[in-house]
>>> print(open('input-v4.pdb').read())   # PDB, C-alpha atoms
ATOM      1  CA  GLU M   9     -13.881 -20.196  22.870
ATOM      2  CA  LEU M  10     -13.401 -17.497  20.273
ATOM      3  CA  ASN M  11     -11.513 -14.287  21.072
ATOM      4  CA  SER M  12     -11.622 -12.455  17.726
ATOM      5  CA  GLY M  13     -14.207 -11.254  15.258
ATOM      6  CA  ASN M  14     -14.468 -10.009  11.697
ATOM      7  CA  LEU M  15     -14.943  -6.240  11.308
ATOM      8  CA  SER M  16     -16.082  -6.762   7.683
ATOM      9  CA  GLN M  17     -13.720  -4.074   6.432
ATOM     10  CA  TYR M  18     -11.984  -5.200   3.261
ATOM     11  CA  VAL M  19      -9.586  -3.565   0.814
ATOM     12  CA  PHE M  20      -9.359  -4.955  -2.721
ATOM     13  CA  LYS M  21      -7.375  -3.851  -5.729
ATOM     14  CA  VAL M  22      -9.518  -2.291  -8.444
ATOM     15  CA  ASP M  23      -8.303  -4.801 -11.031
ATOM     16  CA  PHE M  24      -9.370  -7.674  -8.788
ATOM     17  CA  VAL M  25     -12.818  -6.152  -8.239
ATOM     18  CA  LYS M  26     -13.252  -5.805 -12.012
ATOM     19  CA  LYS M  27     -12.280  -9.437 -12.438
ATOM     20  CA  ILE M  28     -14.804 -10.584  -9.848
ATOM     21  CA  ALA M  29     -17.523  -8.400 -11.346
ATOM     22  CA  HIS M  30     -16.874  -9.906 -14.787
ATOM     23  CA  ASN M  31     -16.628 -13.541 -13.706
ATOM     24  CA  GLY M  32     -19.222 -13.418 -10.966
ATOM     25  CA  LEU M  33     -19.074 -15.258  -7.652
ATOM     26  CA  ASN M  34     -22.285 -17.276  -7.974
ATOM     27  CA  MET M  35     -22.067 -18.280  -4.325
ATOM     28  CA  TRP M  36     -25.482 -17.843  -2.762
ATOM     29  CA  HIS M  37     -26.132 -18.299   0.951
ATOM     30  CA  HIS M  38     -29.564 -19.188   2.334
ATOM     31  CA  ILE M  39     -30.054 -17.254   5.575
ATOM     32  CA  PRO M  40     -33.015 -18.294   7.809
ATOM     33  CA  LYS M  41     -35.093 -15.234   8.693
ATOM     34  CA  SER M  42     -38.352 -14.336  10.373
ATOM     35  CA  PHE M  43     -40.684 -12.457   8.018
ATOM     36  CA  PRO M  44     -44.100 -10.882   8.623
ATOM     37  CA  HIS M  45     -46.762 -13.063   7.088
ATOM     38  CA  ILE M  46     -50.473 -13.825   6.976
ATOM     39  CA  ASP M  47     -51.665 -16.667   9.170
ATOM     40  CA  MET M  48     -53.634 -18.785   6.722
ATOM     41  CA  LYS M  49     -55.879 -20.136   9.521
ATOM     42  CA  THR M  50     -56.903 -16.807  11.041
ATOM     43  CA  GLY M  51     -56.251 -14.429   8.156
ATOM     44  CA  HIS M  52     -54.372 -12.113  10.522
ATOM     45  CA  LYS M  53     -50.981 -10.579   9.878
ATOM     46  CA  VAL M  54     -48.209 -11.902  12.113
ATOM     47  CA  ASP M  55     -45.468  -9.289  12.684
ATOM     48  CA  ASN M  56     -43.375 -10.783  15.477
ATOM     49  CA  ASP M  57     -42.979 -14.426  14.657
ATOM     50  CA  LEU M  58     -39.942 -16.017  16.327
ATOM     51  CA  ASP M  59     -40.033 -18.962  13.939
ATOM     52  CA  LYS M  60     -37.663 -18.878  10.989
ATOM     53  CA  ASN M  61     -40.368 -18.956   8.364
ATOM     54  CA  GLY M  62     -38.335 -17.836   5.357
ATOM     55  CA  ARG M  63     -34.965 -17.731   3.663
ATOM     56  CA  ARG M  64     -33.053 -14.702   2.441
ATOM     57  CA  ILE M  65     -30.589 -15.347  -0.357
ATOM     58  CA  GLU M  66     -27.365 -13.378   0.044
ATOM     59  CA  MET M  67     -23.878 -13.132  -1.394
ATOM     60  CA  PHE M  68     -20.964 -12.403   0.928
ATOM     61  CA  LEU M  69     -18.091 -10.166  -0.081
ATOM     62  CA  PHE M  70     -15.539 -12.356   1.652
ATOM     63  CA  ASP M  71     -16.403 -15.232  -0.671
ATOM     64  CA  ALA M  72     -14.096 -13.431  -3.094
ATOM     65  CA  PHE M  73     -11.159 -14.508  -0.928
ATOM     66  CA  GLU M  74     -11.260 -17.904  -2.604
ATOM     67  CA  GLN M  75     -10.239 -16.225  -5.849
ATOM     68  CA  CYS M  76      -7.407 -14.201  -4.282
ATOM     69  CA  LYS M  77      -3.790 -15.248  -4.637
ATOM     70  CA  SER M  78      -3.124 -14.010  -1.107
ATOM     71  CA  VAL M  79      -5.092 -12.535   1.791
ATOM     72  CA  VAL M  80      -3.671 -10.565   4.724
ATOM     73  CA  GLY M  81      -5.554  -9.891   7.952
ATOM     74  CA  LEU M  82      -4.823  -7.101  10.432
ATOM     75  CA  GLN M  83      -5.531  -7.533  14.123
ATOM     76  CA  VAL M  84      -6.738  -4.377  15.870
ATOM     77  CA  ALA M  85      -7.859  -3.491  19.380
ATOM     78  CA  ARG M  86     -11.454  -4.195  20.415
ATOM     79  CA  THR M  87     -11.980  -0.460  20.928
ATOM     80  CA  GLU M  88     -11.855   0.042  17.150
ATOM     81  CA  TYR M  89     -14.980  -2.062  16.685
ATOM     82  CA  ALA M  90     -18.075   0.057  16.063
ATOM     83  CA  VAL M  91     -20.255  -1.737  13.563
ATOM     84  CA  VAL M  92     -23.078   0.170  11.834
ATOM     85  CA  LYS M  93     -25.967  -2.061  10.799
ATOM     86  CA  ASN M  94     -29.086  -0.190  11.916
ATOM     87  CA  GLN M  95     -30.462   3.309  11.406
ATOM     88  CA  THR M  96     -31.107   3.837  15.119
ATOM     89  CA  GLY M  97     -30.482   2.070  18.407
ATOM     90  CA  MET M  98     -27.710  -0.470  18.808
ATOM     91  CA  ASP M  99     -25.087  -0.760  16.053
ATOM     92  CA  SER M 100     -26.171   2.550  14.507
ATOM     93  CA  PRO M 101     -24.303   5.724  13.478
ATOM     94  CA  GLN M 102     -25.086   7.123  16.934
ATOM     95  CA  THR M 103     -23.382   4.255  18.781
ATOM     96  CA  ALA M 104     -20.413   4.460  16.395
ATOM     97  CA  LEU M 105     -20.021   8.169  17.161
ATOM     98  CA  GLN M 106     -20.229   7.402  20.850
ATOM     99  CA  ALA M 107     -17.547   4.713  20.625
ATOM    100  CA  MET M 108     -15.228   6.927  18.590
ATOM    101  CA  GLY M 109     -15.727   9.905  20.883
ATOM    102  CA  ARG M 110     -14.934   7.903  24.003
ATOM    103  CA  LEU M 111     -11.909   6.310  22.339
ATOM    104  CA  HIS M 112     -10.487   9.711  21.376
ATOM    105  CA  GLN M 113     -11.298  11.094  24.803
ATOM    106  CA  GLN M 114      -9.311   8.258  26.368
ATOM    107  CA  TRP M 115      -6.377   9.077  24.083
ATOM    108  CA  ILE M 116      -6.409  12.624  25.454
ATOM    109  CA  ILE M 117      -6.596  11.413  29.053
ATOM    110  CA  ASP M 118      -3.748   8.959  28.468
ATOM    111  CA  ALA M 119      -1.712  11.864  27.049
ATOM    112  CA  GLY M 120      -2.173  13.835  30.269
ATOM    113  CA  GLY M 121      -5.246  15.847  29.298
ATOM    114  CA  SER M 122      -8.441  16.376  31.272
ATOM    115  CA  PHE M 123     -11.999  17.504  30.586
ATOM    116  CA  ALA M 124     -13.908  20.321  32.234
ATOM    117  CA  GLY M 125     -16.596  19.052  34.561
ATOM    118  CA  SER M 126     -15.347  15.468  34.088
ATOM    119  CA  LYS M 127     -17.745  15.186  31.163
ATOM    120  CA  VAL M 128     -17.791  11.968  29.168
ATOM    121  CA  ALA M 129     -17.813  12.083  25.356
ATOM    122  CA  ALA M 130     -21.026  10.958  23.677
ATOM    123  CA  GLU M 131     -22.849  11.128  20.359
ATOM    124  CA  THR M 132     -24.864  14.251  21.188
ATOM    125  CA  GLU M 133     -23.811  17.555  19.657
ATOM    126  CA  ASP M 134     -22.632  19.054  22.946
ATOM    127  CA  LEU M 135     -20.463  16.078  23.949
ATOM    128  CA  LYS M 136     -18.705  14.998  20.771
ATOM    129  CA  CYS M 137     -14.941  14.492  20.820
ATOM    130  CA  GLU M 138     -12.717  13.810  17.825
ATOM    131  CA  ILE M 139      -9.038  13.915  16.928
ATOM    132  CA  SER M 140      -8.247  14.102  13.230
ATOM    133  CA  PRO M 141      -6.527  10.950  11.887
ATOM    134  CA  LEU M 142      -4.005  13.370  10.366
ATOM    135  CA  VAL M 143      -2.984  14.264  13.939
ATOM    136  CA  SER M 144      -2.964  10.810  15.530
ATOM    137  CA  TYR M 145      -4.002   7.418  14.219
ATOM    138  CA  SER M 146      -3.996   5.434  17.443
ATOM    139  CA  GLY M 147      -3.364   7.972  20.198
ATOM    140  CA  GLU M 148       0.336   8.477  19.545
ATOM    141  CA  ASP M 149       2.211  11.823  19.719
ATOM    142  CA  LEU M 150      -0.414  13.635  21.812
ATOM    143  CA  THR M 151       1.551  14.172  25.035
ATOM    144  CA  GLY M 152       1.950  17.834  25.969
ATOM    145  CA  TYR M 153      -0.857  19.152  23.756
ATOM    146  CA  PHE M 154      -3.479  19.513  26.485
ATOM    147  CA  PRO M 155      -2.181  21.770  29.289
ATOM    148  CA  LYS M 156      -5.679  23.029  30.135
ATOM    149  CA  ALA M 157      -8.957  21.268  30.799
ATOM    150  CA  ILE M 158     -10.883  20.678  27.566
ATOM    151  CA  ASN M 159     -14.462  21.744  27.034
ATOM    152  CA  LEU M 160     -16.734  19.472  25.020
ATOM    153  CA  PRO M 161     -17.519  19.444  22.153
ATOM    154  CA  PHE M 162     -13.914  19.201  20.994
ATOM    155  CA  TYR M 163     -12.221  18.623  17.646
ATOM    156  CA  MET M 164      -8.461  18.566  17.105
ATOM    157  CA  PRO M 165      -7.590  19.203  13.448
ATOM    158  CA  SER M 166      -4.170  18.964  11.859
ATOM    159  CA  GLN M 167      -2.250  21.975  10.617
ATOM    160  CA  GLN M 168      -2.943  20.713   7.109
ATOM    161  CA  GLU M 169      -6.684  20.959   7.731
ATOM    162  CA  TYR M 170      -6.296  24.495   9.073
ATOM    163  CA  THR M 171      -4.699  25.601   5.798
ATOM    164  CA  GLU M 172      -6.433  23.419   3.221
ATOM    165  CA  PHE M 173      -9.970  23.706   4.534
ATOM    166  CA  SER M 174     -10.108  27.479   4.856
ATOM    167  CA  ALA M 175     -10.613  30.128   2.219
ATOM    168  CA  ALA M 176      -7.389  31.845   3.246
ATOM    169  CA  THR M 177      -5.414  29.620   0.873
ATOM    170  CA  ALA M 178      -8.179  28.790  -1.599
ATOM    171  CA  PRO M 179     -10.596  31.724  -2.019
ATOM    172  CA  GLN M 180     -14.051  30.398  -2.826
ATOM    173  CA  ALA M 181     -17.558  30.292  -1.455
ATOM    174  CA  ARG M 182     -17.678  29.157   2.158
ATOM    175  CA  ARG M 183     -18.170  25.426   2.517
ATOM    176  CA  PRO M 184     -19.438  23.481   5.548
ATOM    177  CA  SER M 185     -16.938  22.342   8.141
ATOM    178  CA  THR M 186     -15.337  19.024   7.223
ATOM    179  CA  HIS M 187     -15.738  17.643  10.733
ATOM    180  CA  TYR M 188     -18.998  16.733  12.432
ATOM    181  CA  LEU M 189     -19.060  19.511  15.037
ATOM    182  CA  ASP M 190     -21.582  22.277  14.506
ATOM    183  CA  ALA M 191     -20.949  25.918  13.654
ATOM    184  CA  GLU M 192     -20.753  26.877  17.333
ATOM    185  CA  SER M 193     -17.674  24.738  18.036
ATOM    186  CA  ASP M 194     -14.322  26.401  18.683
ATOM    187  CA  VAL M 195     -12.689  25.000  15.537
ATOM    188  CA  ALA M 196     -15.597  26.137  13.369
ATOM    189  CA  ARG M 197     -15.182  29.662  14.703
ATOM    190  CA  TYR M 198     -11.442  29.407  14.100
ATOM    191  CA  GLU M 199     -12.053  28.366  10.491
ATOM    192  CA  LEU M 200     -14.315  31.386  10.046
ATOM    193  CA  GLU M 201     -11.670  33.706  11.517
ATOM    194  CA  VAL M 202      -9.019  32.286   9.168
ATOM    195  CA  GLU M 203     -11.354  32.713   6.231
ATOM    196  CA  LEU M 204     -12.222  36.299   7.123
ATOM    197  CA  HIS M 205      -8.579  37.191   7.666
ATOM    198  CA  GLY M 206      -7.690  35.685   4.287
ATOM    199  CA  GLN M 207     -10.349  37.707   2.524
ATOM    200  CA  LEU M 208     -10.187  40.895   4.596
ATOM    201  CA  GLY M 209      -6.686  40.735   6.051
ATOM    202  CA  HIS M 210      -5.454  43.935   4.391
ATOM    203  CA  VAL M 211      -8.530  45.861   5.462
ATOM    204  CA  LEU M 212      -8.164  44.649   9.054
ATOM    205  CA  GLU M 213      -4.513  45.668   9.119
ATOM    206  CA  MET M 214      -5.445  49.140   7.938
ATOM    207  CA  MET M 215      -8.057  49.414  10.675
ATOM    208  CA  GLU M 216      -5.624  48.302  13.389
ATOM    209  CA  ASP M 217      -2.607  50.351  12.176
ATOM    210  CA  PRO M 218      -2.955  54.060  13.128
ATOM    211  CA  SER M 219      -0.400  55.042  10.465
ATOM    212  CA  TYR M 220      -2.980  54.459   7.706
TER     213      TYR M 220
END
>>> encode(input="input-v4.pdb", output="structure tokens")
Amino acid sequence: ELNSGNLSQYVFKVDFVKKIAHNGLNMWHHIPKSFPHIDMKTGHKVDNDLDKNGRRIEMFLFDAFEQCKSVVGLQVARTEYAVVKNQTGMDSPQTALQAMGRLHQQWIIDAGGSFAGSKVAAETEDLKCEISPLVSYSGEDLTGYFPKAINLPFYMPSQQEYTEFSAATAPQARRPSTHYLDAESDVARYELEVELHGQLGHVLEMMEDPSY
């Protein structure tokens, strides 16, 4: 019985990729598939044929391993698996967002945090939950950061994101938020406040200081 799978996430050196592209793999795989076809007896189109009536010729990226001098595999927790193969439904961007949101929500709970209304993170705009990888890569160093119940949607950026992704340090035209939460999220409003203070800070100080 197998207990591990391949996430199909590979990292190659650029020089090796150039070598493979130049030499070519020339390793074709014939994959049995079911294709829509015309029934020659009836003349009708058959859309849902369970029979493997065709072959799709594919090349697999991992065939390049045979030309590597060494290959290293990393074993990760099952919770990191969120394959994206379809546009909608199972194994789609929506299910990947859901898996990531629930993983990050569990990190917060394990660190002593809680969520208002006991809401569960999901892929919908009002229930998304994300912690920047610049803050925590696998749930570490989060204890003590969540003294109050958290409202979803929630995004926890790093201090580096607060400074680099606002116009306070790099005056320019406003750009969209770099995370997936919408403009109504708390961090999006914070980014806007930082930007406005960077551009209008002196004016605001004059308005608040009666000595001017």
>>> resolve_selection(input="input-v4.pdb", expression="the PyMOL selection byres ((chain M and resi 159) around 12)", output="list in words")
Gln113, Gly121, Ser122, Phe123, Ala124, Gly125, Ser126, Lys127, Val128, Ala129, Asp134, Leu135, Lys136, Cys137, Phe154, Lys156, Ala157, Ile158, Leu160, Pro161, Phe162, Tyr163, Ser193 and Asp194 of chain M
>>> closest_residue(input="input-v4.pdb", among="M:Ile117, M:Leu15, M:Leu150, M:Ala29", to="Ala90 of chain M", atoms="only C-alpha atoms")
M:Leu15
>>> residues_around(input="input-v4.pdb", residues="His38 of chain M", least_positions_apart="5", cutoff="6 Å", atoms="all atoms listed in the file", output="list in words")
Arg63, Arg64 and Ile65 of chain M
>>> atom_distance(input="input-v4.pdb", atom1="atom CA of Lys26 of chain M", atom2="atom CA of Val80 of chain M")
19.9 Å
>>> resolve_selection(input="input-v4.pdb", expression="the PyMOL selection byres ((chain M and resi 68) around 9)", output="mmCIF file with C-alpha atoms, in the coordinates of the input")
data_model
loop_
_atom_site.group_PDB
_atom_site.id
_atom_site.type_symbol
_atom_site.label_atom_id
_atom_site.label_comp_id
_atom_site.auth_asym_id
_atom_site.auth_seq_id
_atom_site.Cartn_x
_atom_site.Cartn_y
_atom_site.Cartn_z
ATOM 1 C CA MET M 35 -22.067 -18.280 -4.325
ATOM 2 C CA TRP M 36 -25.482 -17.843 -2.762
ATOM 3 C CA HIS M 37 -26.132 -18.299 0.951
ATOM 4 C CA GLU M 66 -27.365 -13.378 0.044
ATOM 5 C CA MET M 67 -23.878 -13.132 -1.394
ATOM 6 C CA LEU M 69 -18.091 -10.166 -0.081
ATOM 7 C CA PHE M 70 -15.539 -12.356 1.652
ATOM 8 C CA ASP M 71 -16.403 -15.232 -0.671
ATOM 9 C CA ALA M 72 -14.096 -13.431 -3.094
#
>>> closest_residue(input="input-v4.pdb", among="M:Ile116, M:Cys76, M:Met108, M:Val91", to="Ile28 of chain M", atoms="all atoms listed in the file")
M:Cys76
>>> closest_residue(input="input-v4.pdb", among="M:Asn14, M:Val25, M:Ser140, M:Gly62", to="Pro40 of chain M", atoms="only C-alpha atoms")
M:Gly62
>>> closest_residue(input="input-v4.pdb", among="M:Leu105, M:Val143, M:Ile46, M:Leu111", to="Ala130 of chain M", atoms="all atoms listed in the file")
M:Leu105
>>> decode(input="input-v4.pdb", residues="segment 25-52 of chain M", atoms="N, CA, C and O atoms", output="JSON list (two decimals), in the first residue's frame")
[["chain", "number", "residue", "atom", "x", "y", "z"],
["M", 25, "VAL", "N", 17.86, 23.13, -17.77],
["M", 25, "VAL", "CA", 16.68, 23.26, -18.62],
["M", 25, "VAL", "C", 17.10, 23.59, -20.06],
["M", 25, "VAL", "O", 16.55, 23.05, -21.02],
["M", 26, "LYS", "N", 18.11, 24.45, -20.20],
["M", 26, "LYS", "CA", 18.60, 24.78, -21.55],
["M", 26, "LYS", "C", 19.19, 23.54, -22.22],
["M", 26, "LYS", "O", 19.00, 23.33, -23.42],
["M", 27, "LYS", "N", 19.87, 22.73, -21.45],
["M", 27, "LYS", "CA", 20.46, 21.51, -21.99],
["M", 27, "LYS", "C", 19.37, 20.56, -22.48],
["M", 27, "LYS", "O", 19.46, 20.00, -23.57],
["M", 28, "ILE", "N", 18.34, 20.39, -21.67],
["M", 28, "ILE", "CA", 17.24, 19.50, -22.05],
["M", 28, "ILE", "C", 16.51, 20.03, -23.28],
["M", 28, "ILE", "O", 16.15, 19.28, -24.19],
["M", 29, "ALA", "N", 16.31, 21.35, -23.31],
["M", 29, "ALA", "CA", 15.61, 21.94, -24.45],
["M", 29, "ALA", "C", 16.41, 21.75, -25.73],
["M", 29, "ALA", "O", 15.84, 21.57, -26.82],
["M", 30, "HIS", "N", 17.72, 21.79, -25.63],
["M", 30, "HIS", "CA", 18.59, 21.64, -26.82],
["M", 30, "HIS", "C", 18.66, 20.18, -27.27],
["M", 30, "HIS", "O", 18.56, 19.88, -28.46],
["M", 31, "ASN", "N", 18.81, 19.28, -26.31],
["M", 31, "ASN", "CA", 18.97, 17.86, -26.66],
["M", 31, "ASN", "C", 17.63, 17.18, -26.93],
["M", 31, "ASN", "O", 17.56, 16.28, -27.76],
["M", 32, "GLY", "N", 16.61, 17.64, -26.23],
["M", 32, "GLY", "CA", 15.30, 17.01, -26.38],
["M", 32, "GLY", "C", 15.20, 15.71, -25.60],
["M", 32, "GLY", "O", 16.18, 14.97, -25.47],
["M", 33, "LEU", "N", 14.00, 15.44, -25.06],
["M", 33, "LEU", "CA", 13.80, 14.21, -24.30],
["M", 33, "LEU", "C", 13.43, 13.04, -25.20],
["M", 33, "LEU", "O", 13.92, 11.93, -25.04],
["M", 34, "ASN", "N", 12.53, 13.31, -26.15],
["M", 34, "ASN", "CA", 12.08, 12.28, -27.09],
["M", 34, "ASN", "C", 11.56, 11.03, -26.37],
["M", 34, "ASN", "O", 11.84, 9.90, -26.76],
["M", 35, "MET", "N", 10.83, 11.27, -25.29],
["M", 35, "MET", "CA", 10.23, 10.17, -24.54],
["M", 35, "MET", "C", 8.72, 10.39, -24.52],
["M", 35, "MET", "O", 8.19, 11.16, -23.70],
["M", 36, "TRP", "N", 8.03, 9.76, -25.45],
["M", 36, "TRP", "CA", 6.60, 9.96, -25.58],
["M", 36, "TRP", "C", 5.84, 8.86, -24.84],
["M", 36, "TRP", "O", 6.23, 7.70, -24.86],
["M", 37, "HIS", "N", 4.76, 9.25, -24.19],
["M", 37, "HIS", "CA", 3.93, 8.32, -23.44],
["M", 37, "HIS", "C", 2.54, 8.28, -24.08],
["M", 37, "HIS", "O", 1.93, 9.32, -24.35],
["M", 38, "HIS", "N", 2.03, 7.09, -24.31],
["M", 38, "HIS", "CA", 0.71, 6.90, -24.91],
["M", 38, "HIS", "C", -0.31, 6.70, -23.79],
["M", 38, "HIS", "O", -0.31, 5.68, -23.11],
["M", 39, "ILE", "N", -1.16, 7.70, -23.59],
["M", 39, "ILE", "CA", -2.12, 7.68, -22.49],
["M", 39, "ILE", "C", -3.51, 7.34, -23.03],
["M", 39, "ILE", "O", -4.06, 8.10, -23.84],
["M", 40, "PRO", "N", -4.11, 6.20, -22.62],
["M", 40, "PRO", "CA", -5.47, 5.87, -23.07],
["M", 40, "PRO", "C", -6.47, 6.91, -22.58],
["M", 40, "PRO", "O", -6.47, 7.29, -21.42],
["M", 41, "LYS", "N", -7.31, 7.39, -23.48],
["M", 41, "LYS", "CA", -8.30, 8.41, -23.15],
["M", 41, "LYS", "C", -9.62, 8.10, -23.84],
["M", 41, "LYS", "O", -9.67, 7.37, -24.84],
["M", 42, "SER", "N", -10.68, 8.68, -23.28],
["M", 42, "SER", "CA", -12.00, 8.59, -23.91],
["M", 42, "SER", "C", -12.28, 9.90, -24.63],
["M", 42, "SER", "O", -12.29, 10.96, -24.00],
["M", 43, "PHE", "N", -12.50, 9.84, -25.94],
["M", 43, "PHE", "CA", -12.74, 11.04, -26.74],
["M", 43, "PHE", "C", -14.13, 11.00, -27.35],
["M", 43, "PHE", "O", -14.63, 9.91, -27.72],
["M", 44, "PRO", "N", -14.78, 12.16, -27.48],
["M", 44, "PRO", "CA", -16.04, 12.20, -28.22],
["M", 44, "PRO", "C", -15.80, 11.74, -29.66],
["M", 44, "PRO", "O", -14.75, 12.03, -30.24],
["M", 45, "HIS", "N", -16.76, 11.03, -30.20],
["M", 45, "HIS", "CA", -16.57, 10.52, -31.56],
["M", 45, "HIS", "C", -17.93, 10.29, -32.21],
["M", 45, "HIS", "O", -18.97, 10.36, -31.57],
["M", 46, "ILE", "N", -17.89, 10.00, -33.50],
["M", 46, "ILE", "CA", -19.10, 9.70, -34.26],
["M", 46, "ILE", "C", -19.24, 8.19, -34.37],
["M", 46, "ILE", "O", -18.32, 7.50, -34.82],
["M", 47, "ASP", "N", -20.38, 7.68, -33.92],
["M", 47, "ASP", "CA", -20.67, 6.26, -34.08],
["M", 47, "ASP", "C", -20.92, 5.98, -35.56],
["M", 47, "ASP", "O", -21.88, 6.48, -36.15],
["M", 48, "MET", "N", -20.05, 5.19, -36.16],
["M", 48, "MET", "CA", -20.12, 4.96, -37.60],
["M", 48, "MET", "C", -21.38, 4.18, -37.99],
["M", 48, "MET", "O", -21.81, 4.25, -39.14],
["M", 49, "LYS", "N", -22.00, 3.45, -37.05],
["M", 49, "LYS", "CA", -23.21, 2.70, -37.36],
["M", 49, "LYS", "C", -24.45, 3.58, -37.35],
["M", 49, "LYS", "O", -25.33, 3.45, -38.20],
["M", 50, "THR", "N", -24.52, 4.50, -36.37],
["M", 50, "THR", "CA", -25.71, 5.33, -36.23],
["M", 50, "THR", "C", -25.53, 6.74, -36.80],
["M", 50, "THR", "O", -26.50, 7.43, -37.10],
["M", 51, "GLY", "N", -24.27, 7.17, -36.90],
["M", 51, "GLY", "CA", -24.01, 8.53, -37.36],
["M", 51, "GLY", "C", -24.18, 9.57, -36.28],
["M", 51, "GLY", "O", -24.08, 10.77, -36.54],
["M", 52, "HIS", "N", -24.42, 9.11, -35.04],
["M", 52, "HIS", "CA", -24.62, 10.04, -33.92],
["M", 52, "HIS", "C", -23.30, 10.29, -33.18],
["M", 52, "HIS", "O", -22.44, 9.41, -33.12]]
